[in-house]
$ cat coords_5.cif   # mmCIF, C-alpha atoms
data_run
loop_
_atom_site.label_atom_id
_atom_site.label_comp_id
_atom_site.auth_asym_id
_atom_site.auth_seq_id
_atom_site.Cartn_x
_atom_site.Cartn_y
_atom_site.Cartn_z
CA MET A 19 -7.32 -12.38 -15.48
CA ASN A 20 -8.27 -11.79 -19.07
CA ALA A 21 -7.51 -13.99 -22.04
CA ILE A 22 -4.89 -12.94 -24.53
CA THR A 23 -4.78 -9.19 -24.84
CA PRO A 24 -6.76 -7.99 -27.88
CA GLY A 25 -4.50 -7.41 -30.85
CA PHE A 26 -2.25 -10.41 -30.20
CA ALA A 27 -3.08 -11.96 -33.55
CA ARG A 28 -1.67 -15.41 -34.29
CA ALA A 29 0.15 -14.01 -37.32
CA ASP A 30 2.13 -11.75 -34.98
CA LEU A 31 3.73 -14.75 -33.29
CA THR A 32 5.95 -15.89 -36.11
CA CYS A 33 8.05 -12.82 -36.69
CA PRO A 34 10.45 -13.40 -39.56
CA GLY A 35 14.09 -14.10 -38.81
CA GLY A 36 15.03 -13.63 -35.18
CA GLY A 37 11.57 -13.56 -33.61
CA MET A 38 9.61 -10.97 -31.66
CA PRO A 39 11.65 -8.08 -30.20
CA PHE A 40 12.63 -8.80 -26.61
CA GLU A 41 10.94 -5.78 -25.03
CA GLU A 42 7.68 -6.43 -26.88
CA ALA A 43 7.75 -10.08 -25.86
CA ARG A 44 8.36 -9.16 -22.23
CA ALA A 45 5.48 -6.65 -22.27
CA ARG A 46 3.15 -9.27 -23.72
CA VAL A 47 4.15 -11.84 -21.11
CA LEU A 48 3.55 -9.40 -18.26
CA ALA A 49 0.20 -8.38 -19.75
CA LEU A 50 -0.98 -11.98 -19.29
CA ALA A 51 -1.19 -11.34 -15.52
CA ALA A 52 -3.81 -8.62 -15.64
CA ALA A 53 -4.37 -8.71 -11.87
CA PRO A 54 -2.48 -10.10 -8.86
CA LEU A 55 -3.48 -13.40 -7.32
CA PRO A 56 -6.25 -13.18 -4.70
CA ALA A 57 -5.51 -12.50 -1.05
CA GLU A 58 -5.70 -14.85 1.90
CA THR A 59 -5.13 -14.39 5.61
CA VAL A 60 -2.39 -16.30 7.40
CA PRO A 61 -1.20 -16.34 11.04
CA LEU A 62 1.53 -13.85 11.87
CA GLU A 63 4.07 -16.63 12.40
CA ALA A 64 3.42 -17.94 8.86
CA CYS A 65 3.74 -14.66 6.95
CA CYS A 66 7.52 -14.60 6.38
CA GLY A 67 8.33 -14.70 2.67
CA ARG A 68 4.77 -13.79 1.69
CA ILE A 69 3.64 -10.63 -0.12
CA ALA A 70 1.45 -8.15 1.76
CA ALA A 71 -1.93 -7.84 0.04
CA ALA A 72 -3.18 -4.72 1.84
CA PRO A 73 -1.74 -1.73 3.69
CA LEU A 74 -1.09 -2.54 7.35
CA GLN A 75 -1.59 0.35 9.75
CA ALA A 76 -0.46 0.81 13.31
CA ARG A 77 -3.18 0.13 15.87
CA LEU A 78 -1.17 1.47 18.77
CA ASP A 79 1.28 4.23 19.59
CA LEU A 80 4.78 2.94 20.24
CA PRO A 81 5.70 3.55 22.96
CA ARG A 82 2.11 3.48 24.27
CA PHE A 83 3.00 5.96 27.06
CA ASP A 84 5.87 8.14 28.26
CA GLN A 85 8.32 5.71 29.86
CA SER A 86 11.74 5.56 31.44
CA ALA A 87 14.66 4.61 29.22
CA MET A 88 16.73 3.35 32.18
CA ASP A 89 16.73 2.49 35.87
CA GLY A 90 16.84 5.66 37.95
CA TYR A 91 14.72 8.34 39.61
CA ALA A 92 11.95 10.43 38.06
CA ILE A 93 11.91 14.09 39.09
CA ALA A 94 10.31 17.40 38.17
CA THR A 95 13.23 19.48 36.94
CA GLY A 96 11.51 22.79 37.59
CA ALA A 97 11.09 22.05 41.30
CA ALA A 98 14.59 20.81 42.17
CA LEU A 99 17.96 22.43 42.79
CA PRO A 100 21.48 21.06 42.22
CA GLY A 101 22.83 19.46 45.38
CA ALA A 102 19.38 19.17 47.00
CA TRP A 103 18.35 16.04 48.88
CA LEU A 104 14.99 14.61 47.82
CA PRO A 105 13.06 11.86 49.59
CA VAL A 106 12.22 8.84 47.44
CA ALA A 107 8.44 8.71 47.76
CA GLY A 108 7.33 6.01 45.30
CA ARG A 109 8.37 3.22 42.98
CA THR A 110 7.15 2.01 39.55
CA ALA A 111 8.39 -1.01 37.59
CA ALA A 112 7.66 -2.04 34.01
CA GLY A 113 4.15 -3.44 33.67
CA GLU A 114 2.72 -1.42 36.54
CA ALA A 115 0.26 1.45 36.26
CA PRO A 116 1.81 4.93 36.29
CA GLY A 117 2.40 6.48 39.70
CA TRP A 118 2.26 10.08 40.90
CA LEU A 119 5.22 12.29 41.76
CA ALA A 120 4.64 14.10 45.06
CA PRO A 121 5.99 17.68 45.19
CA ALA A 122 9.65 18.02 46.18
CA THR A 123 10.28 14.25 45.99
CA ALA A 124 11.91 11.70 43.70
CA HIS A 125 10.24 8.57 42.37
CA ARG A 126 12.14 5.31 41.95
CA ILE A 127 11.55 4.05 38.37
CA LEU A 128 12.81 1.08 36.36
CA THR A 129 13.45 0.74 32.62
CA GLY A 130 10.22 0.58 30.59
CA ALA A 131 8.02 1.75 33.44
CA PRO A 132 5.48 4.53 32.80
CA LEU A 133 6.58 7.99 33.86
CA PRO A 134 4.76 9.15 37.01
CA GLU A 135 2.44 12.11 36.63
CA GLY A 136 4.26 15.35 37.39
CA ALA A 137 7.74 14.13 36.35
CA ASP A 138 9.57 15.34 33.26
CA ALA A 139 12.99 13.62 33.44
CA VAL A 140 14.78 10.57 34.81
CA ILE A 141 18.18 10.69 36.48
CA ALA A 142 20.21 7.53 36.01
CA GLN A 143 20.77 5.71 39.29
CA GLU A 144 24.56 5.93 38.90
CA HIS A 145 24.34 9.74 38.88
CA VAL A 146 22.85 10.19 42.34
CA VAL A 147 23.92 9.55 45.93
CA LEU A 148 21.39 7.36 47.80
CA ARG A 149 21.30 7.56 51.59
CA GLU A 150 18.55 6.37 53.96
CA GLY A 151 15.71 6.88 51.49
CA PHE A 152 17.00 10.19 50.11
CA ILE A 153 18.90 10.98 46.89
CA GLN A 154 21.21 13.88 46.34
CA LEU A 155 21.20 15.55 42.92
CA ALA A 156 24.71 16.20 41.61
CA GLY A 157 23.18 18.25 38.80
CA LEU A 158 19.87 18.84 37.07
CA PRO A 159 19.09 17.05 33.79
CA ALA A 160 17.24 18.81 30.97
CA PRO A 161 13.52 18.07 30.68
CA GLY A 162 12.98 14.87 28.67
CA THR A 163 16.28 13.28 29.70
CA ASN A 164 16.21 9.47 29.67
CA LEU A 165 12.60 9.35 28.52
CA ARG A 166 10.88 7.56 25.67
CA ARG A 167 7.95 9.74 24.68
CA ARG A 168 4.62 8.31 23.65
CA ALA A 169 4.43 7.61 19.87
CA GLU A 170 8.01 8.79 19.27
CA ASP A 171 8.65 5.53 17.37
CA ILE A 172 5.28 4.84 15.72
CA GLY A 173 1.98 6.69 15.83
CA ALA A 174 -1.40 4.96 15.71
CA GLY A 175 -2.83 5.09 12.19
CA GLU A 176 0.58 5.25 10.53
CA VAL A 177 1.01 2.94 7.51
CA LEU A 178 3.63 0.40 8.54
CA ILE A 179 3.68 -1.93 5.54
CA HIS A 180 2.60 -1.18 1.98
CA PRO A 181 0.96 -3.67 -0.38
CA GLY A 182 3.52 -5.58 -2.43
CA SER A 183 6.10 -5.72 0.38
CA ARG A 184 7.77 -9.08 0.92
CA LEU A 185 7.40 -9.81 4.62
CA ASP A 186 10.28 -11.00 6.79
CA TRP A 187 11.28 -11.16 10.46
CA ARG A 188 11.38 -7.35 10.73
CA HIS A 189 7.72 -7.09 9.79
CA VAL A 190 6.85 -9.90 12.19
CA THR A 191 8.56 -7.97 15.00
CA LEU A 192 6.68 -4.78 14.18
CA LEU A 193 3.29 -6.45 13.78
CA ALA A 194 3.74 -8.48 16.96
CA ALA A 195 4.37 -5.24 18.87
CA GLN A 196 1.03 -4.05 17.50
CA GLY A 197 -0.77 -7.17 18.70
CA VAL A 198 -1.52 -8.36 15.15
CA GLU A 199 -2.43 -12.05 14.98
CA ALA A 200 -3.14 -12.54 11.25
CA VAL A 201 -1.90 -10.88 8.07
CA PRO A 202 -3.51 -10.50 4.60
CA VAL A 203 -1.09 -11.80 1.96
CA ARG A 204 -1.20 -12.83 -1.69
CA ARG A 205 -1.94 -16.47 -2.28
CA HIS A 206 1.08 -18.50 -3.33
CA PRO A 207 1.09 -19.13 -7.10
CA ARG A 208 0.26 -22.72 -7.97
CA LEU A 209 3.04 -23.52 -10.41
CA VAL A 210 3.35 -26.87 -12.23
CA LEU A 211 6.62 -27.69 -14.01
CA LEU A 212 6.73 -30.08 -16.96
CA SER A 213 9.85 -31.16 -18.82
CA SER A 214 9.92 -33.30 -21.92
CA GLY A 215 12.53 -35.28 -23.80
CA ARG A 216 12.90 -38.90 -24.81
CA GLU A 217 16.52 -38.71 -23.76
CA LEU A 218 15.90 -37.47 -20.20
CA ARG A 219 16.36 -39.54 -17.08
CA GLY A 220 16.11 -38.46 -13.48
CA THR A 221 18.99 -38.22 -11.05
CA GLY A 222 20.01 -41.64 -9.82
CA GLN A 223 18.55 -43.45 -12.83
CA PRO A 224 20.88 -45.46 -15.08
CA LEU A 225 21.69 -44.04 -18.50
CA ALA A 226 21.42 -46.01 -21.70
CA PRO A 227 23.32 -44.88 -24.82
CA GLY A 228 22.01 -41.52 -26.01
CA GLN A 229 20.38 -40.64 -22.69
CA ILE A 230 21.21 -37.78 -20.28
CA HIS A 231 20.16 -36.72 -16.81
CA ASP A 232 17.52 -33.98 -16.67
CA SER A 233 19.20 -30.87 -15.29
CA ASN A 234 16.64 -28.24 -16.30
CA ALA A 235 13.83 -29.34 -14.00
CA PRO A 236 16.09 -29.53 -10.89
CA MET A 237 17.64 -26.18 -11.84
CA LEU A 238 14.27 -24.48 -12.20
CA ARG A 239 12.91 -26.02 -8.99
CA ALA A 240 15.95 -24.82 -7.04
CA LEU A 241 15.84 -21.38 -8.65
CA LEU A 242 12.14 -20.99 -7.86
CA ARG A 243 12.70 -22.06 -4.26
CA SER A 244 15.44 -19.43 -3.95
CA TRP A 245 12.83 -16.87 -5.05
CA GLY A 246 10.36 -18.10 -2.42
CA VAL A 247 8.09 -19.92 -4.90
CA ALA A 248 6.89 -23.50 -4.37
CA VAL A 249 6.61 -25.66 -7.47
CA GLN A 250 4.85 -28.93 -8.24
CA SER A 251 7.02 -31.01 -10.52
CA ARG A 252 5.92 -33.90 -12.70
CA PRO A 253 7.89 -36.76 -14.29
CA ALA A 254 9.38 -36.01 -17.69
CA VAL A 255 6.70 -36.22 -20.38
CA ALA A 256 7.22 -38.67 -23.22
CA ASP A 257 7.91 -37.21 -26.66
CA GLU A 258 4.42 -38.06 -27.89
CA ALA A 259 1.66 -35.64 -28.85
CA GLY A 260 -0.96 -37.43 -26.77
CA ALA A 261 1.23 -37.63 -23.67
CA MET A 262 2.03 -33.92 -23.85
CA ARG A 263 -1.61 -33.01 -24.42
CA ASP A 264 -2.70 -35.05 -21.39
CA ALA A 265 0.06 -33.59 -19.21
CA LEU A 266 -0.77 -30.00 -20.17
CA HIS A 267 -4.49 -30.56 -19.66
CA ALA A 268 -3.95 -31.99 -16.17
CA ALA A 269 -1.49 -29.24 -15.20
CA ALA A 270 -3.75 -26.43 -16.43
CA GLY A 271 -6.59 -27.77 -14.30
CA GLU A 272 -4.68 -27.27 -11.06
CA ALA A 273 -2.20 -24.46 -11.73
CA ASP A 274 -2.10 -20.68 -11.96
CA LEU A 275 1.00 -21.05 -14.15
CA VAL A 276 2.13 -24.01 -16.23
CA LEU A 277 5.87 -23.94 -16.90
CA THR A 278 7.48 -26.21 -19.48
CA THR A 279 11.05 -26.69 -20.55
CA ALA A 280 11.95 -28.01 -24.02
CA GLY A 281 9.56 -29.26 -26.69
CA ILE A 282 8.34 -25.80 -27.77
CA SER A 283 10.25 -25.56 -31.07
CA VAL A 284 9.27 -27.12 -34.41
CA GLY A 285 11.31 -30.32 -34.42
CA ASP A 286 9.84 -33.76 -35.04
CA GLU A 287 9.82 -34.49 -31.30
CA ASP A 288 8.57 -31.06 -30.18
CA HIS A 289 4.88 -31.45 -29.28
CA VAL A 290 4.12 -28.62 -26.84
CA ARG A 291 2.83 -26.15 -29.43
CA GLU A 292 0.46 -28.62 -31.09
CA ALA A 293 -0.75 -29.86 -27.71
CA LEU A 294 -1.57 -26.29 -26.72
CA ARG A 295 -3.56 -25.75 -29.88
CA ALA A 296 -5.41 -29.01 -29.42
CA LEU A 297 -6.43 -27.87 -25.93
CA GLY A 298 -7.65 -24.49 -27.18
CA GLY A 299 -4.69 -22.65 -25.72
CA GLU A 300 -3.66 -19.25 -27.02
CA LEU A 301 -0.18 -17.86 -27.43
CA ALA A 302 0.90 -14.24 -27.09
CA VAL A 303 4.59 -15.00 -27.73
CA LEU A 304 6.18 -17.79 -29.77
CA LYS A 305 9.72 -16.79 -30.73
CA VAL A 306 11.83 -14.07 -29.10
CA ALA A 307 14.80 -12.26 -30.62
CA MET A 308 17.17 -13.21 -27.82
CA LYS A 309 20.32 -15.30 -27.45
CA PRO A 310 20.13 -17.81 -25.95
CA GLY A 311 16.42 -18.58 -25.63
CA LYS A 312 14.80 -17.85 -28.98
CA PRO A 313 12.26 -20.74 -28.81
CA LEU A 314 10.28 -19.25 -25.91
CA ALA A 315 6.48 -19.17 -25.80
CA ALA A 316 3.85 -17.66 -23.52
CA GLY A 317 0.08 -17.56 -23.40
CA ARG A 318 -2.84 -19.26 -21.67
CA ILE A 319 -4.38 -22.71 -21.32
CA GLY A 320 -7.87 -22.26 -19.97
CA ASP A 321 -7.59 -20.23 -16.76
CA ALA A 322 -3.87 -20.95 -16.35
CA LEU A 323 -0.98 -18.90 -17.68
CA PHE A 324 1.56 -20.75 -19.77
CA LEU A 325 5.29 -20.16 -20.19
CA GLY A 326 7.38 -22.46 -22.34
CA LEU A 327 11.15 -22.27 -21.84
CA PRO A 328 13.77 -23.68 -24.22
CA GLY A 329 15.56 -26.94 -23.53
CA ASN A 330 19.21 -25.84 -23.42
CA PRO A 331 20.18 -24.98 -19.80
CA GLN A 332 21.47 -21.43 -20.36
CA ALA A 333 18.50 -20.68 -22.63
CA ALA A 334 16.06 -21.95 -19.99
CA LEU A 335 17.85 -19.88 -17.35
CA ALA A 336 17.71 -16.72 -19.47
CA GLY A 337 13.97 -17.22 -20.00
CA ALA A 338 13.44 -17.80 -16.29
CA LEU A 339 15.28 -14.62 -15.25
CA ALA A 340 13.95 -12.37 -18.00
CA PHE A 341 10.34 -13.60 -18.21
CA LEU A 342 9.38 -16.01 -15.42
CA ARG A 343 10.60 -13.96 -12.47
CA PRO A 344 8.92 -10.68 -13.51
CA LEU A 345 5.73 -12.60 -14.37
CA LEU A 346 5.67 -14.15 -10.89
CA ALA A 347 6.24 -10.71 -9.39
CA ARG A 348 3.28 -9.33 -11.37
CA MET A 349 1.11 -12.20 -10.13
CA ALA A 350 2.16 -11.40 -6.57
CA GLY A 351 1.45 -7.68 -6.96
CA THR A 352 5.04 -6.67 -6.30
CA PRO A 353 7.60 -4.91 -8.53
CA ALA A 354 9.95 -7.11 -10.51
CA PRO A 355 13.54 -7.19 -9.19
CA ARG A 356 15.68 -4.48 -10.75
CA PRO A 357 18.85 -5.35 -12.64
CA VAL A 358 22.11 -4.75 -10.83
CA VAL A 359 23.96 -1.86 -12.49
CA SER A 360 27.63 -2.63 -13.01
CA ARG A 361 30.43 -1.82 -15.42
CA ALA A 362 31.79 -4.22 -17.99
CA GLY A 363 35.09 -5.90 -17.19
CA PHE A 364 35.48 -7.24 -20.72
CA ALA A 365 35.21 -6.20 -24.35
CA LEU A 366 32.82 -7.65 -26.89
CA ARG A 367 31.90 -7.06 -30.52
CA ARG A 368 28.66 -8.58 -31.75
CA ARG A 369 26.08 -8.51 -34.52
CA PRO A 370 23.09 -6.41 -33.43
CA GLY A 371 19.50 -7.58 -33.75
CA ARG A 372 18.96 -9.84 -30.75
CA ALA A 373 19.07 -9.25 -27.02
CA GLU A 374 21.80 -11.37 -25.46
CA PHE A 375 22.48 -12.86 -22.03
CA LEU A 376 25.97 -13.77 -20.79
CA PRO A 377 26.92 -15.46 -17.49
CA VAL A 378 29.05 -13.05 -15.44
CA ARG A 379 30.56 -12.80 -12.01
CA LEU A 380 30.11 -9.53 -10.13
CA HIS A 381 32.93 -8.29 -7.96
CA SER A 382 33.92 -4.95 -6.49
CA ARG A 383 36.77 -3.05 -8.10
CA ASP A 384 37.67 0.39 -6.73
CA GLY A 385 34.33 0.49 -4.97
CA VAL A 386 32.37 -0.17 -8.17
CA LEU A 387 30.67 -3.39 -9.24
CA GLU A 388 32.39 -4.93 -12.23
CA ALA A 389 31.14 -7.86 -14.34
CA ALA A 390 33.58 -10.49 -15.58
CA ARG A 391 32.70 -13.28 -18.00
CA THR A 392 32.82 -16.79 -16.57
CA GLY A 393 33.14 -18.91 -19.70
CA PRO A 394 32.73 -19.21 -23.46
CA ASP A 395 29.48 -18.99 -25.41
CA GLY A 396 27.22 -22.01 -25.62
CA SER A 397 23.63 -22.36 -24.44
CA GLY A 398 24.26 -26.00 -23.48
CA ARG A 399 27.29 -25.25 -21.30
CA LEU A 400 26.92 -25.62 -17.53
CA SER A 401 30.44 -24.78 -16.31
CA PRO A 402 30.13 -20.99 -16.91
CA LEU A 403 27.25 -20.92 -14.40
CA LEU A 404 29.39 -22.20 -11.52
CA GLY A 405 31.33 -18.97 -11.11
CA ALA A 406 28.53 -16.64 -12.18
CA SER A 407 26.31 -14.49 -10.01
CA GLY A 408 23.94 -13.41 -12.78
CA LEU A 409 23.35 -12.90 -16.50
CA ALA A 410 24.53 -9.71 -18.17
CA PHE A 411 21.90 -8.22 -20.47
CA LEU A 412 22.96 -6.78 -23.82
CA GLU A 413 20.35 -4.77 -25.70
CA ALA A 414 19.47 -5.84 -29.22
CA GLY A 415 21.02 -2.77 -30.85
CA LEU A 416 24.39 -3.02 -29.11
CA GLN A 417 27.32 -3.59 -31.48
CA GLU A 418 30.31 -3.11 -29.22
CA LEU A 419 30.86 -3.31 -25.48
CA ARG A 420 34.02 -1.77 -24.05
CA PRO A 421 35.55 -2.26 -20.60
CA GLY A 422 34.04 0.25 -18.22
CA ASP A 423 30.74 0.57 -20.13
CA ALA A 424 27.55 0.42 -18.04
CA LEU A 425 26.12 -3.09 -17.95
CA ASP A 426 22.87 -4.39 -16.44
CA VAL A 427 23.02 -7.79 -14.74
CA LEU A 428 20.03 -9.97 -13.83
CA PRO A 429 21.06 -11.57 -10.52
CA PHE A 430 20.36 -15.23 -9.85
CA GLY A 431 19.17 -14.49 -6.30
CA ALA A 432 17.13 -11.68 -4.82
CA GLU A 433 18.20 -8.04 -5.21
CA GLY A 434 21.36 -7.34 -3.28
CA GLU A 435 22.49 -10.99 -3.48
CA ALA A 436 24.30 -10.79 -6.80
CA LEU A 437 27.84 -10.12 -5.56
CA ALA A 438 29.87 -13.32 -5.65
#

$ encode --input "coords_5.cif" --output "structure tokens"
Amino acid sequence: MNAITPGFARADLTCPGGGMPFEEARARVLALAAAPLPAETVPLEACCGRIAAAPLQARLDLPRFDQSAMDGYAIATGAALPGAWLPVAGRTAAGEAPGWLAPATAHRILTGAPLPEGADAVIAQEHVVLREGFIQLAGLPAPGTNLRRRAEDIGAGEVLIHPGSRLDWRHVTLLAAQGVEAVPVRRHPRLVLLSSGRELRGTGQPLAPGQIHDSNAPMLRALLRSWGVAVQSRPAVADEAGAMRDALHAAAGEADLVLTTAGISVGDEDHVREALRALGGELAVLKVAMKPGKPLAAGRIGDALFLGLPGNPQAALAGALAFLRPLLARMAGTPAPRPVVSRAGFALRRRPGRAEFLPVRLHSRDGVLEAARTGPDGSGRLSPLLGASGLAFLEAGLQELRPGDALDVLPFGAEGEALA
């Protein structure tokens, strides 16, 4: 991965007023991951949830040979007549080598067994009369009846899985049928999460006056796990320049991506930006024209990528959905999840200039997804998230949203999991 893309001058980072335009900021963040993470090989049983790093081709035809689709009798249709009695002159079960069909005979065959040479159809056992080693044909089937032809499912050399695919149990089934033991996948991103705030205490810890429980770090850990990403979390960093510098330095030494929440603004107790500069870090984004989430930063610390999210919960969530998730997808070599297209179930007038994110619940109305608001504005509010299935995205230039207008929603879960 390269350092900051040429042309990202430091002066560009402090855009007057509302910050850098959202789309430009997003492009700059994604440009930080110039190449996907390296590949590694894992056992087939361990590949679920991982991203394929190379095309996976079929080694074998499936089926490997012409085989019977049911228990019955293999015959040569061109050498038999309706009502004729044929001696049963052989038997083949699944797992046995293919037999040979003698002229003017029938061959007992079981499901999955290879078709005997000379046969071109299988009559189901319930459609014949069996008597003393002979079967009587009530009628003649068409050639190919009750057969699974070689390679009718998959042909050797066919590309089964493309790079960037997220592997699941279906892929395991397919690869196991091909005899594959190990799979090339992208290495998991090493992600370290740091939160800061003198007021923060962990869950279960007592609260003194002026203190609150840290909700951002647990939220981000849970969200990342739901996306299939493991995260190393650290205790909340003290609101001191030296403590933040030490924490960032340690995290950058072991991570592909350092993620922080809070401390990136310009308040007296916000030390992330100065710590980055002290460590020689570079920023491609500092402020973004979005609501909530304006104090968002991105860049590099040494060989690690850096993404700094705001401290208010809804602002941190908006940054995670709009920037962190597509950045992780770029690192994995897979496309970012697409927004869910819905229609607005509410009206809104707003001042243009900033992109905006609103918690919404998606539900089906008349067969169409509709987005309903789940609470009032407020980047520090948590209750609107309880009934929400994603964040609606309003473009910076939008002045008025009317019921029925098209509306993109960034789902909290994976694609297809946004409907509450």

$ atom_distance --input "coords_5.cif" --atom1 "CA of Pro207 (chain A)" --atom2 "CA of Glu272 (chain A)"
10.7 Å

$ resolve_selection --input "coords_5.cif" --expression "the PyMOL selection byres ((chain A and resi 383-391) around 12)" --output "JSON, numbers by chain"
{"A": [358, 359, 360, 361, 362, 363, 364, 365, 366, 375, 376, 377, 378, 379, 380, 381, 382, 392, 393, 394, 395, 401, 402, 403, 404, 405, 406, 407, 408, 409, 410, 411, 420, 421, 422, 423, 424, 425, 426, 427, 428, 429, 434, 436, 437, 438]}

$ closest_residue --input "coords_5.cif" --among "A:Gly299, A:Pro310, A:Pro224, A:Gly173" --to "Leu325 (chain A)" --atoms "only C-alpha atoms"
A:Gly299

$ residues_near_point --input "coords_5.cif" --point "(22.0, 8.8, 41.1)" --cutoff "10 Å" --atoms "only C-alpha atoms" --output "list in words"
Asp89, Gly90, Tyr91, Val140, Ile141, Ala142, Gln143, Glu144, His145, Val146, Val147, Leu148, Ile153, Gln154, Leu155, Ala156 and Gly157 of chain A

$ atom_distance --input "coords_5.cif" --atom1 "CA of Pro313 (chain A)" --atom2 "CA of Arg44 (chain A)"
13.9 Å

$ resolve_selection --input "coords_5.cif" --expression "the PyMOL selection byres ((chain A and resi 135) around 7)" --output "VMD selection string"
chain A and resid 117 to 119 133 to 134 136 to 137

$ closest_residue --input "coords_5.cif" --among "A:Ala322, A:Leu345, A:Ala52, A:Ala70" --to "His189 (chain A)" --atoms "all atoms listed in the file"
A:Ala70

$ atom_distance --input "coords_5.cif" --atom1 "CA of Ala336 (chain A)" --atom2 "CA of Leu304 (chain A)"
15.5 Å

$ resolve_selection --input "coords_5.cif" --expression "the PyMOL selection byres ((chain A and resi 275) around 7)" --output "count of residues only"
10

$ closest_residue --input "coords_5.cif" --among "A:Arg263, A:Ser183, A:Gly271, A:Val249" --to "Glu292 (chain A)" --atoms "all atoms listed in the file"
A:Arg263

$ closest_residue --input "coords_5.cif" --among "A:Phe40, A:Phe152, A:Trp187, A:Trp245" --to "Cys65 (chain A)" --atoms "all atoms listed in the file"
A:Trp187

$ closest_residue --input "coords_5.cif" --among "A:Thr352, A:Gln332, A:Ser233, A:Ser214" --to "Gly182 (chain A)" --atoms "all atoms listed in the file"
A:Thr352

$ closest_residue --input "coords_5.cif" --among "A:Arg204, A:Arg166, A:His125, A:Arg348" --to "Ala45 (chain A)" --atoms "all atoms listed in the file"
A:Arg348

$ residues_around --input "coords_5.cif" --residues "Ala174 (chain A)" --least-positions-apart "2" --cutoff "6 Å" --atoms "only C-alpha atoms" --output "number ranges by chain"
A: 76-79, 176

$ residues_around --input "coords_5.cif" --residues "Gly197 (chain A)" --least-positions-apart "2" --cutoff "12 Å" --atoms "all atoms listed in the file" --output "list in words"
Pro61, Leu62, Gln75, Ala76, Arg77, Leu78, Asp79, Leu80, Val190, Thr191, Leu192, Leu193, Ala194, Ala195, Glu199, Ala200 and Val201 of chain A

$ residues_around --input "coords_5.cif" --residues "Ser244 (chain A)" --least-positions-apart "2" --cutoff "9 Å" --atoms "only C-alpha atoms" --output "PyMOL selection string"
chain A and resi 239-242+246-247+430-432

$ residues_around --input "coords_5.cif" --residues "region 105-110 of chain A" --least-positions-apart "3" --cutoff "6 Å" --atoms "all atoms listed in the file" --output "list in words"
Thr123, Ala124, His125, Arg126, Ile127, Gly151 and Phe152 of chain A

$ decode --input "coords_5.cif" --residues "region 225-237 of chain A" --atoms "N, CA and C atoms" --output "PDB file, in the first residue's frame"
ATOM      1  N   LEU A 225     -19.816   4.383  38.419  1.00  0.00           N
ATOM      2  CA  LEU A 225     -19.746   5.716  37.822  1.00  0.00           C
ATOM      3  C   LEU A 225     -19.690   6.774  38.900  1.00  0.00           C
ATOM      4  N   ALA A 226     -18.685   7.632  38.807  1.00  0.00           N
ATOM      5  CA  ALA A 226     -18.604   8.810  39.652  1.00  0.00           C
ATOM      6  C   ALA A 226     -19.361   9.942  38.969  1.00  0.00           C
ATOM      7  N   PRO A 227     -19.635  11.036  39.669  1.00  0.00           N
ATOM      8  CA  PRO A 227     -20.305  12.170  39.015  1.00  0.00           C
ATOM      9  C   PRO A 227     -19.562  12.620  37.762  1.00  0.00           C
ATOM     10  N   GLY A 228     -20.306  12.825  36.687  1.00  0.00           N
ATOM     11  CA  GLY A 228     -19.721  13.278  35.430  1.00  0.00           C
ATOM     12  C   GLY A 228     -19.209  12.167  34.537  1.00  0.00           C
ATOM     13  N   GLN A 229     -19.293  10.928  34.978  1.00  0.00           N
ATOM     14  CA  GLN A 229     -18.793   9.803  34.190  1.00  0.00           C
ATOM     15  C   GLN A 229     -19.940   9.071  33.501  1.00  0.00           C
ATOM     16  N   ILE A 230     -19.614   8.380  32.387  1.00  0.00           N
ATOM     17  CA  ILE A 230     -20.595   7.599  31.629  1.00  0.00           C
ATOM     18  C   ILE A 230     -19.953   6.284  31.211  1.00  0.00           C
ATOM     19  N   HIS A 231     -20.786   5.307  30.898  1.00  0.00           N
ATOM     20  CA  HIS A 231     -20.283   4.052  30.358  1.00  0.00           C
ATOM     21  C   HIS A 231     -19.932   4.230  28.873  1.00  0.00           C
ATOM     22  N   ASP A 232     -18.847   3.624  28.461  1.00  0.00           N
ATOM     23  CA  ASP A 232     -18.429   3.668  27.054  1.00  0.00           C
ATOM     24  C   ASP A 232     -19.354   2.779  26.235  1.00  0.00           C
ATOM     25  N   SER A 233     -20.103   3.374  25.331  1.00  0.00           N
ATOM     26  CA  SER A 233     -20.985   2.589  24.457  1.00  0.00           C
ATOM     27  C   SER A 233     -20.418   2.456  23.046  1.00  0.00           C
ATOM     28  N   ASN A 234     -19.551   3.387  22.637  1.00  0.00           N
ATOM     29  CA  ASN A 234     -19.038   3.343  21.267  1.00  0.00           C
ATOM     30  C   ASN A 234     -18.186   2.116  20.997  1.00  0.00           C
ATOM     31  N   ALA A 235     -17.244   1.832  21.897  1.00  0.00           N
ATOM     32  CA  ALA A 235     -16.360   0.688  21.656  1.00  0.00           C
ATOM     33  C   ALA A 235     -17.148  -0.620  21.588  1.00  0.00           C
ATOM     34  N   PRO A 236     -18.065  -0.905  22.553  1.00  0.00           N
ATOM     35  CA  PRO A 236     -18.879  -2.120  22.409  1.00  0.00           C
ATOM     36  C   PRO A 236     -19.721  -2.129  21.138  1.00  0.00           C
ATOM     37  N   MET A 237     -20.279  -0.969  20.768  1.00  0.00           N
ATOM     38  CA  MET A 237     -21.074  -0.897  19.538  1.00  0.00           C
ATOM     39  C   MET A 237     -20.230  -1.262  18.323  1.00  0.00           C
TER      40      MET A 237
END
